[in-house]
Amino acid sequence: MDTRHYFDAVPASASAPRAVTLALPDLTVSLVTDRGVFSADHVDPGTKVLLTTAPPPPQGELLDLGCGYGPIAVVLARRAPGSHVWAVDVNARARRLTTVNATAAGTSNVTVVAPDAVPPDLRFAALYTNPPIRIGKAGLHHLLEAWVPRATVTWMVVSKHLGADSLARWMSDERGWSVSRLASRVSYRVLEVRP
């Protein structure tokens with residue numbers, strides 16, 4: 001039984017780096033990815049939907065929660081060079097790749113860290129995430145409860161086939177957060193959440 005996951009702190013998969021290209025209307029970046037991280041073979045379509053539909057990043061502290069190899073963090077840093085982007089992931093390989101990709105993209109405004117290295121009193125102007133749905137409902141709820149209240153606004157993408165609508169209801173009904181659907185494209189929902 002294969003128990004390796006992209007949300008493992010130290011992936012057990014043997015390293016096999018490769019390059020992928022993220023092409024957006026306003027920029028194109030080449031990114032290094034590897035086994036043992038989320039969407040290692042290509043840029044996840046949900047990530048691309050989020051980056052093409054969410055509003056431009058505001059000035060201030062920004063958070064890419066579950067950064068993987070860094071496509072969201074790199075794009076935020078390029079789009080908002082005066083802002084500071086925190087790229088957070090539990091996966092050490094993902095953090096290493098994000099550092100490599102941010103440097104290669106010429107973005108000096110990205111800090112890549114494990115979740116517990118973010119100062120606890122830090123608040124964010126915006127949080128962007130393609131959250132790790134596969135950690136399970138309880139884990140996902142715990143993750144969102146810990147981070148969403150720290151941001152003025154959260155923009156997240158979730159596949160409707162992986163529970164986007166039920167997650168939106170939980171955030172609205174159970175947590176009392178303001179949740180609106182910003183877009184619905186290619187089976188993905190982009191949600192705007194305000195605590």
# chains A, B, ... in the order shown; residues from 1 in each chain; ligands from 1

call {"tool": "select_by_dssp", "arguments": {"residues": "range 127-188 of chain A", "states": "strand (DSSP E)", "output": "mmCIF file with C-alpha atoms, in the first residue's frame"}}
result
data_model
loop_
_atom_site.group_PDB
_atom_site.id
_atom_site.type_symbol
_atom_site.label_atom_id
_atom_site.label_comp_id
_atom_site.auth_asym_id
_atom_site.auth_seq_id
_atom_site.Cartn_x
_atom_site.Cartn_y
_atom_site.Cartn_z
ATOM 1 C CA LEU A 127 -4.970 34.517 1.790
ATOM 2 C CA TYR A 128 -4.909 32.523 -1.452
ATOM 3 C CA THR A 129 -5.197 28.750 -1.417
ATOM 4 C CA THR A 154 -9.490 34.455 1.582
ATOM 5 C CA TRP A 155 -9.763 33.351 -2.024
ATOM 6 C CA MET A 156 -9.777 29.596 -2.465
ATOM 7 C CA VAL A 157 -10.410 27.157 -5.263
ATOM 8 C CA VAL A 158 -12.077 23.799 -4.659
ATOM 9 C CA SER A 159 -13.332 21.226 -7.125
ATOM 10 C CA SER A 178 -19.251 35.388 4.768
ATOM 11 C CA VAL A 179 -18.836 33.098 1.746
ATOM 12 C CA SER A 180 -19.590 33.961 -1.852
ATOM 13 C CA ARG A 181 -18.883 32.154 -5.088
ATOM 14 C CA LEU A 182 -16.616 34.346 -7.163
ATOM 15 C CA ALA A 183 -16.519 31.990 -10.154
ATOM 16 C CA SER A 184 -17.407 28.506 -11.309
ATOM 17 C CA ARG A 185 -15.210 27.213 -14.105
ATOM 18 C CA TYR A 188 -13.971 24.374 -9.942
#

call {"tool": "closest_atom_pairs", "arguments": {"of": "range 44-141 of chain A", "to": "range 189-193 of chain A", "cutoff": "8 Å", "atoms": "only C-alpha atoms", "output": "tab-separated table"}}
result
residue	atom	partner	partner_atom	distance
A:Val49	CA	A:Val190	CA	7.7
A:Leu50	CA	A:Val190	CA	6.3
A:Thr53	CA	A:Val190	CA	7.6
A:Ala54	CA	A:Val190	CA	7.5

call {"tool": "write_last_selection", "arguments": {"atoms": "N, CA and C atoms", "output": "short mmCIF file (atom, residue, chain, number, x, y, z; two decimals), in the first residue's frame"}}
result
data_model
loop_
_atom_site.label_atom_id
_atom_site.label_comp_id
_atom_site.auth_asym_id
_atom_site.auth_seq_id
_atom_site.Cartn_x
_atom_site.Cartn_y
_atom_site.Cartn_z
N VAL A 49 -7.24 28.30 -12.43
CA VAL A 49 -8.53 28.98 -12.33
C VAL A 49 -8.49 30.05 -11.24
N LEU A 50 -7.93 29.71 -10.09
CA LEU A 50 -7.81 30.68 -9.00
C LEU A 50 -7.00 31.91 -9.45
N THR A 53 -8.98 34.17 -11.89
CA THR A 53 -10.27 34.76 -11.51
C THR A 53 -10.25 35.56 -10.21
N ALA A 54 -9.35 35.25 -9.29
CA ALA A 54 -9.31 35.99 -8.03
C ALA A 54 -8.84 37.42 -8.30
#

call {"tool": "closest_residue", "arguments": {"among": "A:Thr47, A:Thr152, A:Asn130, A:Thr28", "to": "Arg79 in chain A", "atoms": "only C-alpha atoms"}}
result
A:Thr28

call {"tool": "closest_residue", "arguments": {"among": "A:Ala80, A:Val100, A:Val43, A:Val10", "to": "Glu61 in chain A", "atoms": "only C-alpha atoms"}}
result
A:Ala80

call {"tool": "closest_residue", "arguments": {"among": "A:Gly60, A:Gly70, A:Gly136, A:Pro55", "to": "Asp34 in chain A", "atoms": "only C-alpha atoms"}}
result
A:Gly70

call {"tool": "residues_around", "arguments": {"residues": "Thr33 in chain A", "least_positions_apart": "6", "cutoff": "12 Å", "atoms": "only C-alpha atoms", "output": "PyMOL selection string"}}
result
chain A and resi 6+15-22+39-44+67-71+93-101

call {"tool": "select_by_dssp", "arguments": {"residues": "range 13-175 of chain A", "states": "alpha helix (DSSP H)", "output": "ChimeraX atom specification"}}
result
/A:45-53,71-79,92-104,137-147,164-169

call {"tool": "write_last_selection", "arguments": {"atoms": "N, CA and C atoms", "output": "CSV table (one decimal), in the first residue's frame"}}
result
chain,number,residue,atom,x,y,z
A,45,PRO,N,-5.1,22.5,-12.7
A,45,PRO,CA,-6.1,23.4,-13.3
A,45,PRO,C,-6.8,24.3,-12.3
A,46,GLY,N,-7.1,23.8,-11.1
A,46,GLY,CA,-7.7,24.6,-10.1
A,46,GLY,C,-6.9,25.8,-9.7
A,47,THR,N,-5.6,25.6,-9.6
A,47,THR,CA,-4.7,26.7,-9.3
A,47,THR,C,-4.7,27.7,-10.4
A,48,LYS,N,-4.8,27.3,-11.6
A,48,LYS,CA,-4.8,28.2,-12.8
A,48,LYS,C,-6.1,29.0,-12.7
A,49,VAL,N,-7.2,28.3,-12.4
A,49,VAL,CA,-8.5,29.0,-12.3
A,49,VAL,C,-8.5,30.1,-11.2
A,50,LEU,N,-7.9,29.7,-10.1
A,50,LEU,CA,-7.8,30.7,-9.0
A,50,LEU,C,-7.0,31.9,-9.4
A,51,LEU,N,-5.9,31.7,-10.1
A,51,LEU,CA,-5.0,32.8,-10.5
A,51,LEU,C,-5.6,33.6,-11.6
A,52,THR,N,-6.5,33.1,-12.4
A,52,THR,CA,-7.1,33.9,-13.5
A,52,THR,C,-8.4,34.6,-13.0
A,53,THR,N,-9.0,34.2,-11.9
A,53,THR,CA,-10.3,34.8,-11.5
A,53,THR,C,-10.3,35.6,-10.2
A,71,PRO,N,3.5,27.9,-7.3
A,71,PRO,CA,2.9,28.7,-8.4
A,71,PRO,C,2.1,29.9,-7.9
A,72,ILE,N,1.3,29.7,-6.9
A,72,ILE,CA,0.5,30.9,-6.4
A,72,ILE,C,1.5,31.9,-5.8
A,73,ALA,N,2.4,31.5,-4.9
A,73,ALA,CA,3.3,32.4,-4.3
A,73,ALA,C,4.1,33.2,-5.3
A,74,VAL,N,4.6,32.6,-6.3
A,74,VAL,CA,5.4,33.3,-7.3
A,74,VAL,C,4.5,34.3,-8.1
A,75,VAL,N,3.3,33.9,-8.5
A,75,VAL,CA,2.5,34.8,-9.2
A,75,VAL,C,2.1,36.0,-8.3
A,76,LEU,N,1.7,35.7,-7.1
A,76,LEU,CA,1.4,36.9,-6.2
A,76,LEU,C,2.6,37.8,-6.0
A,77,ALA,N,3.8,37.3,-5.9
A,77,ALA,CA,4.9,38.1,-5.7
A,77,ALA,C,5.2,38.9,-6.9
A,78,ARG,N,5.0,38.3,-8.1
A,78,ARG,CA,5.2,39.1,-9.4
A,78,ARG,C,4.1,40.1,-9.6
A,79,ARG,N,2.9,39.8,-9.2
A,79,ARG,CA,1.8,40.8,-9.4
A,79,ARG,C,1.8,41.9,-8.4
A,92,ALA,N,8.5,19.6,3.3
A,92,ALA,CA,9.8,20.1,3.2
A,92,ALA,C,10.3,20.2,1.8
A,93,ARG,N,10.0,19.2,1.0
A,93,ARG,CA,10.4,19.2,-0.4
A,93,ARG,C,9.6,20.4,-1.2
A,94,ALA,N,8.4,20.5,-0.9
A,94,ALA,CA,7.6,21.6,-1.5
A,94,ALA,C,8.2,23.0,-1.1
A,95,ARG,N,8.6,23.2,0.1
A,95,ARG,CA,9.2,24.4,0.5
A,95,ARG,C,10.5,24.7,-0.2
A,96,ARG,N,11.3,23.7,-0.3
A,96,ARG,CA,12.6,23.8,-1.1
A,96,ARG,C,12.3,24.2,-2.5
A,97,LEU,N,11.3,23.6,-3.2
A,97,LEU,CA,11.0,23.9,-4.5
A,97,LEU,C,10.5,25.3,-4.7
A,98,THR,N,9.6,25.8,-3.7
A,98,THR,CA,9.1,27.1,-3.7
A,98,THR,C,10.2,28.1,-3.6
A,99,THR,N,11.2,27.9,-2.8
A,99,THR,CA,12.3,28.8,-2.7
A,99,THR,C,13.1,28.9,-4.0
A,100,VAL,N,13.3,27.7,-4.6
A,100,VAL,CA,14.0,27.7,-5.9
A,100,VAL,C,13.2,28.5,-6.9
A,101,ASN,N,11.9,28.2,-7.0
A,101,ASN,CA,11.1,28.9,-8.0
A,101,ASN,C,11.0,30.4,-7.8
A,102,ALA,N,10.8,30.8,-6.5
A,102,ALA,CA,10.7,32.2,-6.2
A,102,ALA,C,12.0,32.9,-6.6
A,103,THR,N,13.2,32.3,-6.3
A,103,THR,CA,14.5,32.9,-6.7
A,103,THR,C,14.6,33.0,-8.2
A,104,ALA,N,14.3,31.9,-8.9
A,104,ALA,CA,14.4,31.9,-10.4
A,104,ALA,C,13.5,32.9,-11.0
A,137,LYS,N,-11.8,15.8,5.8
A,137,LYS,CA,-12.7,16.9,6.3
A,137,LYS,C,-12.3,17.5,7.6
A,138,ALA,N,-12.0,16.6,8.6
A,138,ALA,CA,-11.6,17.1,9.9
A,138,ALA,C,-10.3,17.9,9.8
A,139,GLY,N,-9.3,17.4,9.1
A,139,GLY,CA,-8.0,18.1,8.9
A,139,GLY,C,-8.2,19.4,8.2
A,140,LEU,N,-9.0,19.4,7.1
A,140,LEU,CA,-9.2,20.6,6.4
A,140,LEU,C,-9.9,21.7,7.2
A,141,HIS,N,-11.0,21.3,7.9
A,141,HIS,CA,-11.7,22.2,8.8
A,141,HIS,C,-10.7,22.8,9.8
A,142,HIS,N,-9.9,22.0,10.4
A,142,HIS,CA,-8.9,22.5,11.4
A,142,HIS,C,-8.0,23.5,10.8
A,143,LEU,N,-7.5,23.2,9.6
A,143,LEU,CA,-6.6,24.1,8.8
A,143,LEU,C,-7.2,25.4,8.6
A,144,LEU,N,-8.4,25.4,8.1
A,144,LEU,CA,-9.1,26.6,7.7
A,144,LEU,C,-9.5,27.4,9.0
A,145,GLU,N,-9.9,26.8,10.0
A,145,GLU,CA,-10.2,27.5,11.3
A,145,GLU,C,-9.0,28.2,11.8
A,146,ALA,N,-7.8,27.6,11.6
A,146,ALA,CA,-6.6,28.2,12.1
A,146,ALA,C,-6.1,29.4,11.3
A,147,TRP,N,-6.4,29.4,10.0
A,147,TRP,CA,-5.8,30.4,9.1
A,147,TRP,C,-6.7,31.5,8.6
A,164,ALA,N,-16.8,21.3,-2.9
A,164,ALA,CA,-16.7,22.7,-2.8
A,164,ALA,C,-18.0,23.3,-2.2
A,165,ASP,N,-19.2,22.8,-2.6
A,165,ASP,CA,-20.4,23.4,-2.1
A,165,ASP,C,-20.6,23.0,-0.6
A,166,SER,N,-20.3,21.8,-0.2
A,166,SER,CA,-20.5,21.5,1.2
A,166,SER,C,-19.5,22.2,2.1
A,167,LEU,N,-18.3,22.4,1.6
A,167,LEU,CA,-17.3,23.2,2.3
A,167,LEU,C,-17.8,24.7,2.5
A,168,ALA,N,-18.3,25.2,1.4
A,168,ALA,CA,-18.9,26.6,1.5
A,168,ALA,C,-20.0,26.7,2.5
A,169,ARG,N,-20.8,25.7,2.5
A,169,ARG,CA,-21.9,25.7,3.5
A,169,ARG,C,-21.4,25.6,4.9

call {"tool": "atom_distance", "arguments": {"atom1": "CA of Pro56 in chain A", "atom2": "CA of Asp173 in chain A"}}
result
27.8 Å

call {"tool": "atom_distance", "arguments": {"atom1": "CA of Val29 in chain A", "atom2": "CA of Arg134 in chain A"}}
result
26.8 Å

call {"tool": "closest_residue", "arguments": {"among": "A:Arg35, A:His161, A:Arg194, A:Arg175", "to": "Phe124 in chain A", "atoms": "only C-alpha atoms"}}
result
A:Arg194

call {"tool": "closest_residue", "arguments": {"among": "A:Val186, A:Ala151, A:Ala105, A:Val110", "to": "Ser83 in chain A", "atoms": "only C-alpha atoms"}}
result
A:Val110
